[in-house]
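Everything below belongs to final.cif, which stores mmCIF, C-alpha atoms.
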data_query
#
loop_
_atom_site.label_atom_id
_atom_site.label_comp_id
_atom_site.auth_asym_id
_atom_site.auth_seq_id
_atom_site.Cartn_x
_atom_site.Cartn_y
_atom_site.Cartn_z
CA LEU A 1 0.00 0.00 0.00
CA LEU A 2 1.52 3.29 -1.10
CA ARG A 3 0.95 6.60 0.69
CA LEU A 4 0.52 10.20 -0.40
CA TYR A 5 3.28 12.54 0.77
CA ASP A 6 3.60 16.25 0.05
CA GLY A 7 1.19 16.24 -2.88
CA ILE A 8 3.02 13.55 -4.84
CA VAL A 9 0.73 11.35 -6.89
CA VAL A 10 1.05 7.68 -6.01
CA VAL A 11 -0.63 4.56 -7.34
CA GLU A 12 -2.98 2.62 -5.07
CA LYS A 13 -3.63 -1.00 -6.05
CA MET A 14 -7.08 -2.10 -4.97
CA GLY A 15 -8.18 -5.36 -6.46
CA LYS A 16 -7.81 -5.37 -10.23
CA VAL A 17 -8.39 -1.63 -10.56
CA GLU A 18 -5.56 0.80 -9.87
CA PHE A 19 -6.13 4.38 -8.74
CA TYR A 20 -4.03 7.51 -8.67
CA LYS A 21 -4.39 9.36 -5.39
CA GLU A 22 -3.62 13.07 -5.27
CA ILE A 23 -4.13 16.19 -3.23
CA ILE A 24 -6.82 18.34 -4.85
CA THR A 25 -5.81 21.99 -5.25
CA VAL A 26 -7.06 25.03 -7.14
CA ALA A 27 -4.70 23.98 -9.94
CA ASN A 28 -6.22 20.52 -10.48
CA ILE A 29 -9.82 20.86 -9.23
CA LYS A 30 -10.93 21.25 -12.85
CA ASP A 31 -10.06 17.54 -13.29
CA TYR A 32 -12.91 16.77 -10.85
CA LYS A 33 -15.54 18.99 -12.48
CA ASN A 34 -17.26 16.14 -14.36
CA LEU A 35 -17.36 14.05 -11.19
CA ILE A 36 -18.90 16.90 -9.19
CA ASP A 37 -21.37 17.64 -11.99
CA SER A 38 -22.44 13.97 -11.91
CA ILE A 39 -23.64 14.30 -8.30
CA ARG A 40 -25.59 17.55 -8.75
CA TYR A 41 -28.76 15.46 -9.12
CA ILE A 42 -28.65 15.01 -5.33
CA CYS A 43 -29.11 18.77 -4.99
CA ASP A 44 -32.36 18.56 -6.98
CA PHE A 45 -34.08 16.29 -4.50
CA ASN A 46 -32.60 17.62 -1.26
CA GLY A 47 -32.97 21.34 -2.00
CA PHE A 48 -29.31 22.37 -2.01
CA ASP A 49 -28.13 24.90 -4.57
CA LYS A 50 -27.22 22.76 -7.59
CA ASP A 51 -25.45 25.71 -9.24
CA PHE A 52 -22.65 25.82 -6.67
CA GLU A 53 -19.16 26.58 -7.97
CA TYR A 54 -17.13 23.38 -7.82
CA ASP A 55 -13.90 25.13 -6.83
CA GLN A 56 -15.23 27.32 -3.98
CA ASP A 57 -14.53 24.75 -1.24
CA ILE A 58 -10.89 24.58 -2.33
CA LYS A 59 -10.54 28.38 -2.49
CA ASN A 60 -12.42 29.09 0.74
CA PRO A 61 -12.83 25.91 2.83
CA SER A 62 -15.33 25.75 5.67
CA LEU A 63 -13.61 25.04 8.95
CA PRO A 64 -15.06 24.12 12.32
CA GLU A 65 -14.98 26.74 15.07
CA ASN A 66 -11.31 27.41 15.94
CA GLY A 67 -10.37 25.10 13.05
CA LYS A 68 -6.93 25.03 11.43
CA ILE A 69 -6.50 25.02 7.67
CA GLU A 70 -3.71 22.42 7.94
CA ASN A 71 -6.21 19.89 9.35
CA ASN A 72 -8.47 20.24 6.30
CA HIS A 73 -7.73 17.92 3.37
CA PHE A 74 -9.02 17.49 -0.18
CA ILE A 75 -7.92 14.34 -1.98
CA GLY A 76 -9.00 12.71 -5.18
CA PHE A 77 -8.75 9.35 -6.83
CA LYS A 78 -8.44 8.77 -10.55
CA LEU A 79 -8.50 5.56 -12.53
CA LYS A 80 -4.92 4.77 -13.49
CA GLU A 81 -5.83 3.36 -16.88
CA SER A 82 -7.85 6.35 -18.12
CA GLY A 83 -6.84 9.15 -15.71
CA GLU A 84 -10.55 9.77 -15.12
CA ALA A 85 -11.56 11.17 -11.72
CA CYS A 86 -13.79 8.72 -9.84
CA VAL A 87 -13.82 9.81 -6.15
CA TYR A 88 -13.51 13.22 -4.43
CA VAL A 89 -12.94 13.36 -0.66
CA GLN A 90 -12.79 16.22 1.84
CA TYR A 91 -12.04 15.48 5.48
CA TYR A 92 -10.98 17.33 8.61
CA GLU A 93 -8.54 15.89 11.16
CA LYS A 94 -8.88 16.47 14.91
CA PHE A 95 -12.53 17.48 14.70
CA ASN A 96 -13.61 18.35 18.27
CA SER A 97 -10.96 15.94 19.62
CA GLU A 98 -7.47 14.71 18.73
CA ASP A 99 -8.71 11.26 17.65
CA THR A 100 -11.62 12.23 15.36
CA ILE A 101 -11.92 12.61 11.60
CA PHE A 102 -14.90 14.49 10.17
CA LEU A 103 -15.64 13.25 6.66
CA GLY A 104 -17.18 16.29 4.99
CA ASP A 105 -17.46 15.09 1.38
CA PHE A 106 -17.17 11.69 -0.21
CA PHE A 107 -18.39 11.87 -3.80
CA GLU A 108 -18.16 9.06 -6.30
CA ASP A 109 -18.87 9.84 -9.94
CA LYS A 110 -22.39 8.58 -10.57
CA LYS A 111 -21.28 6.47 -13.53
CA PHE A 112 -19.04 4.40 -11.24
CA HIS A 113 -21.76 3.61 -8.68
CA GLY A 114 -22.02 -0.12 -8.07
CA ASN A 115 -18.44 -0.97 -9.05
CA GLY A 116 -17.14 -1.07 -5.48
CA TYR A 117 -14.67 1.79 -5.99
CA GLY A 118 -16.18 3.93 -3.22
CA LYS A 119 -16.14 1.04 -0.78
CA ARG A 120 -12.52 0.12 -1.51
CA ILE A 121 -11.33 3.72 -1.38
CA TYR A 122 -13.19 4.45 1.86
CA LYS A 123 -11.81 1.30 3.54
CA GLN A 124 -8.27 2.25 2.46
CA LEU A 125 -8.72 5.75 3.91
CA GLU A 126 -10.16 4.31 7.12
CA ASP A 127 -7.11 2.02 7.49
CA VAL A 128 -4.72 4.96 6.99
CA TRP A 129 -6.60 7.10 9.51
CA ARG A 130 -6.55 4.30 12.10
CA GLU A 131 -2.78 3.83 11.52
CA GLN A 132 -2.39 7.57 12.20
CA GLY A 133 -4.15 7.20 15.55
CA PHE A 134 -7.67 8.31 14.71
CA SER A 135 -10.30 6.17 16.44
CA HIS A 136 -13.51 8.03 15.51
CA ILE A 137 -14.94 9.02 12.15
CA LEU A 138 -18.03 11.24 11.89
CA LEU A 139 -20.07 12.35 8.89
CA ASN A 140 -23.37 14.04 8.08
CA VAL A 141 -25.90 12.62 5.63
CA ASP A 142 -29.01 14.29 4.23
CA LEU A 143 -32.07 12.28 5.27
CA LYS A 144 -33.37 12.34 1.69
CA ASN A 145 -30.20 10.72 0.35
CA THR A 146 -31.15 7.12 1.05
CA GLY A 147 -28.45 5.77 -1.26
CA ALA A 148 -25.76 7.48 0.81
CA ILE A 149 -27.34 6.37 4.08
CA LEU A 150 -27.35 2.75 2.92
CA PHE A 151 -23.73 3.06 1.72
CA TRP A 152 -22.56 4.40 5.08
CA ILE A 153 -24.45 1.71 6.99
CA LYS A 154 -22.62 -0.89 4.86
CA MET A 155 -19.37 0.85 5.77
CA GLY A 156 -20.14 0.33 9.46
CA PHE A 157 -21.81 3.62 10.44
CA LYS A 158 -24.76 2.31 12.42
CA THR A 159 -25.02 4.82 15.26
CA ILE A 160 -26.92 8.05 14.78
CA LYS A 161 -25.21 10.63 16.99
CA PHE A 162 -27.98 13.17 16.45
CA SER A 163 -30.17 14.71 13.79
CA PHE A 164 -30.36 18.37 12.94
CA GLN A 165 -31.85 20.94 10.66
CA SER A 166 -29.46 23.04 8.64
CA ASN A 167 -30.00 26.21 6.66
CA GLU A 168 -32.49 27.45 9.26
CA LYS A 169 -32.53 31.04 7.94
CA ASP A 170 -33.79 30.12 4.47
CA LYS A 171 -37.26 28.89 3.60
CA GLU A 172 -35.78 25.57 2.47
CA LYS A 173 -34.58 23.37 5.33
CA PHE A 174 -32.27 20.39 5.14
CA TYR A 175 -32.60 17.55 7.60
CA MET A 176 -29.41 15.72 8.36
CA ILE A 177 -28.20 12.92 10.56
CA ARG A 178 -24.72 12.59 11.99
CA LEU A 179 -23.29 9.09 11.87
#
Do you think you could lay out the structure here as structure tokens?
Amino acid sequence: LLRLYDGIVVVEKMGKVEFYKEIITVANIKDYKNLIDSIRYICDFNGFDKDFEYDQDIKNPSLPENGKIENNHFIGFKLKESGEACVYVQYYEKFNSEDTIFLGDFFEDKKFHGNGYGKRIYKQLEDVWREQGFSHILLNVDLKNTGAILFWIKMGFKTIKFSFQSNEKDKEKFYMIRL
């Protein structure tokens, strides 16, 4: 198993499919535009703004209260054979405690759903995080996104920490659960 150091692209072998793993930056976020566009359908049914700019999170990341930019990470995975982006991940280390990862985004290009790429990539990330001393992983899921809820249950997230309503100031409200 190869690791990512200082933004160097490495090859991850997972089963018969090989992936490139890289840090996502303003310079290469355009490589992930098609992937991000493929998941905009989720915005249609949950009420989020589907016209969001795909590079805004990279340019101006959301951090938790008293958060540090160096704990925020954007990484991507591309198919080695074609160079096509298949998974986009944003996570935050040391979220509310030294041993917790908050998984903010985990997007798999819709056309790759059902191939097991998301599962293999998530499990590899989980192994790396555990090796680094993280013992808790948290994430939020929109209650209307049943596909994502089922995916995360398969990945072992079976405890609902709490539910909440986001976007309380707008007329549209989003109901989330934290796993």
**OP:** Point out the residue among A:Ile42, A:Ile101, A:Phe19, A:Ile58 with the least atom-to-atom distance to Gly118 in chain A, counting all atoms listed in the file.
**Re:**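 Answer, going by the shortest atom-to-atom distance: A:Phe19.
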Original post:
Using the chain letters and numbers from the file, which residues does the PyMOL selection byres ((chain A and resi 162) around 8) grab, as a list in words?
Top reply: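 So the PyMOL selection byres ((chain A and resi 162) around 8) ends up selecting Ile160, Lys161, Ser163, Phe164, Ile177, Arg178 and Leu179 of chain A.
Note that the spacing between CA of Lys21 in chain A and CA of Asp142 in chain A amounts to 26.9 Å.
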**OP:** Give me the result of the PyMOL selection byres ((chain A and resi 103-116) around 9) on this file, residue by residue, as a PyMOL selection string.
**Re:** chain A and resi 34-39+74+85-93+101-102+117-122+137-140
Original post:
For the atom pair CA of Gly156 in chain A and CA of Pro61 in chain A, what is the interatomic distance in Å to one decimal place?
Top reply: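 Computing it gives 27.4 Å between the two atoms.
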**OP:** Work out how far apart CA of Asp31 in chain A and CA of Asn72 in chain A are and give it in Å to one decimal.
**Re:**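 Computing the Euclidean distance for CA of Asp31 in chain A and CA of Asn72 in chain A yields 19.8 Å.
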Report the centre and edge lengths, in Å to one decimal, of an axis-aligned box enclosing every atom of range 67-83 of chain A listed in the file, padded by 6 Å on each side, as JSON.
{"center_x": -7.0, "center_y": 14.2, "center_z": -2.5, "size_x": 18.7, "size_y": 33.7, "size_z": 43.2}
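Applying the 7 Å criterion to (-8.1, 19.9, -2.0) in file coordinates and using only C-alpha atoms, one obtains the residues Ile23, Ile24, Thr25, Ile58, His73, Phe74 and Ile75 of chain A.
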Generate the output file for the selected residues, C-alpha atoms, as a PDB file, in the frame of the given file.
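again.pdb was written with the following content:
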ATOM      1  CA  ILE A  23      -4.130  16.190  -3.230  1.00  0.00           C
ATOM      2  CA  ILE A  24      -6.820  18.340  -4.850  1.00  0.00           C
ATOM      3  CA  THR A  25      -5.810  21.990  -5.250  1.00  0.00           C
ATOM      4  CA  ILE A  58     -10.890  24.580  -2.330  1.00  0.00           C
ATOM      5  CA  HIS A  73      -7.730  17.920   3.370  1.00  0.00           C
ATOM      6  CA  PHE A  74      -9.020  17.490  -0.180  1.00  0.00           C
ATOM      7  CA  ILE A  75      -7.920  14.340  -1.980  1.00  0.00           C
TER       8      ILE A  75
END
Original post:
From the list A:Val26, A:Val17, A:Ile153, A:Met176, which residue is nearest Glu81 in chain A when using only C-alpha atoms?
Top reply: A:Val17
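Between Lys59 in chain A and the residues A:Asp127, A:Tyr41, A:Ile29, A:Gly147, the shortest atom-to-atom distance, using all atoms listed in the file, involves A:Ile29.
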Original post:
For this file, the PyMOL selection byres ((chain A and resi 80) around 8) selects which residues, as number ranges by chain?
Top reply: A: 11, 17-20, 78-79, 81-84
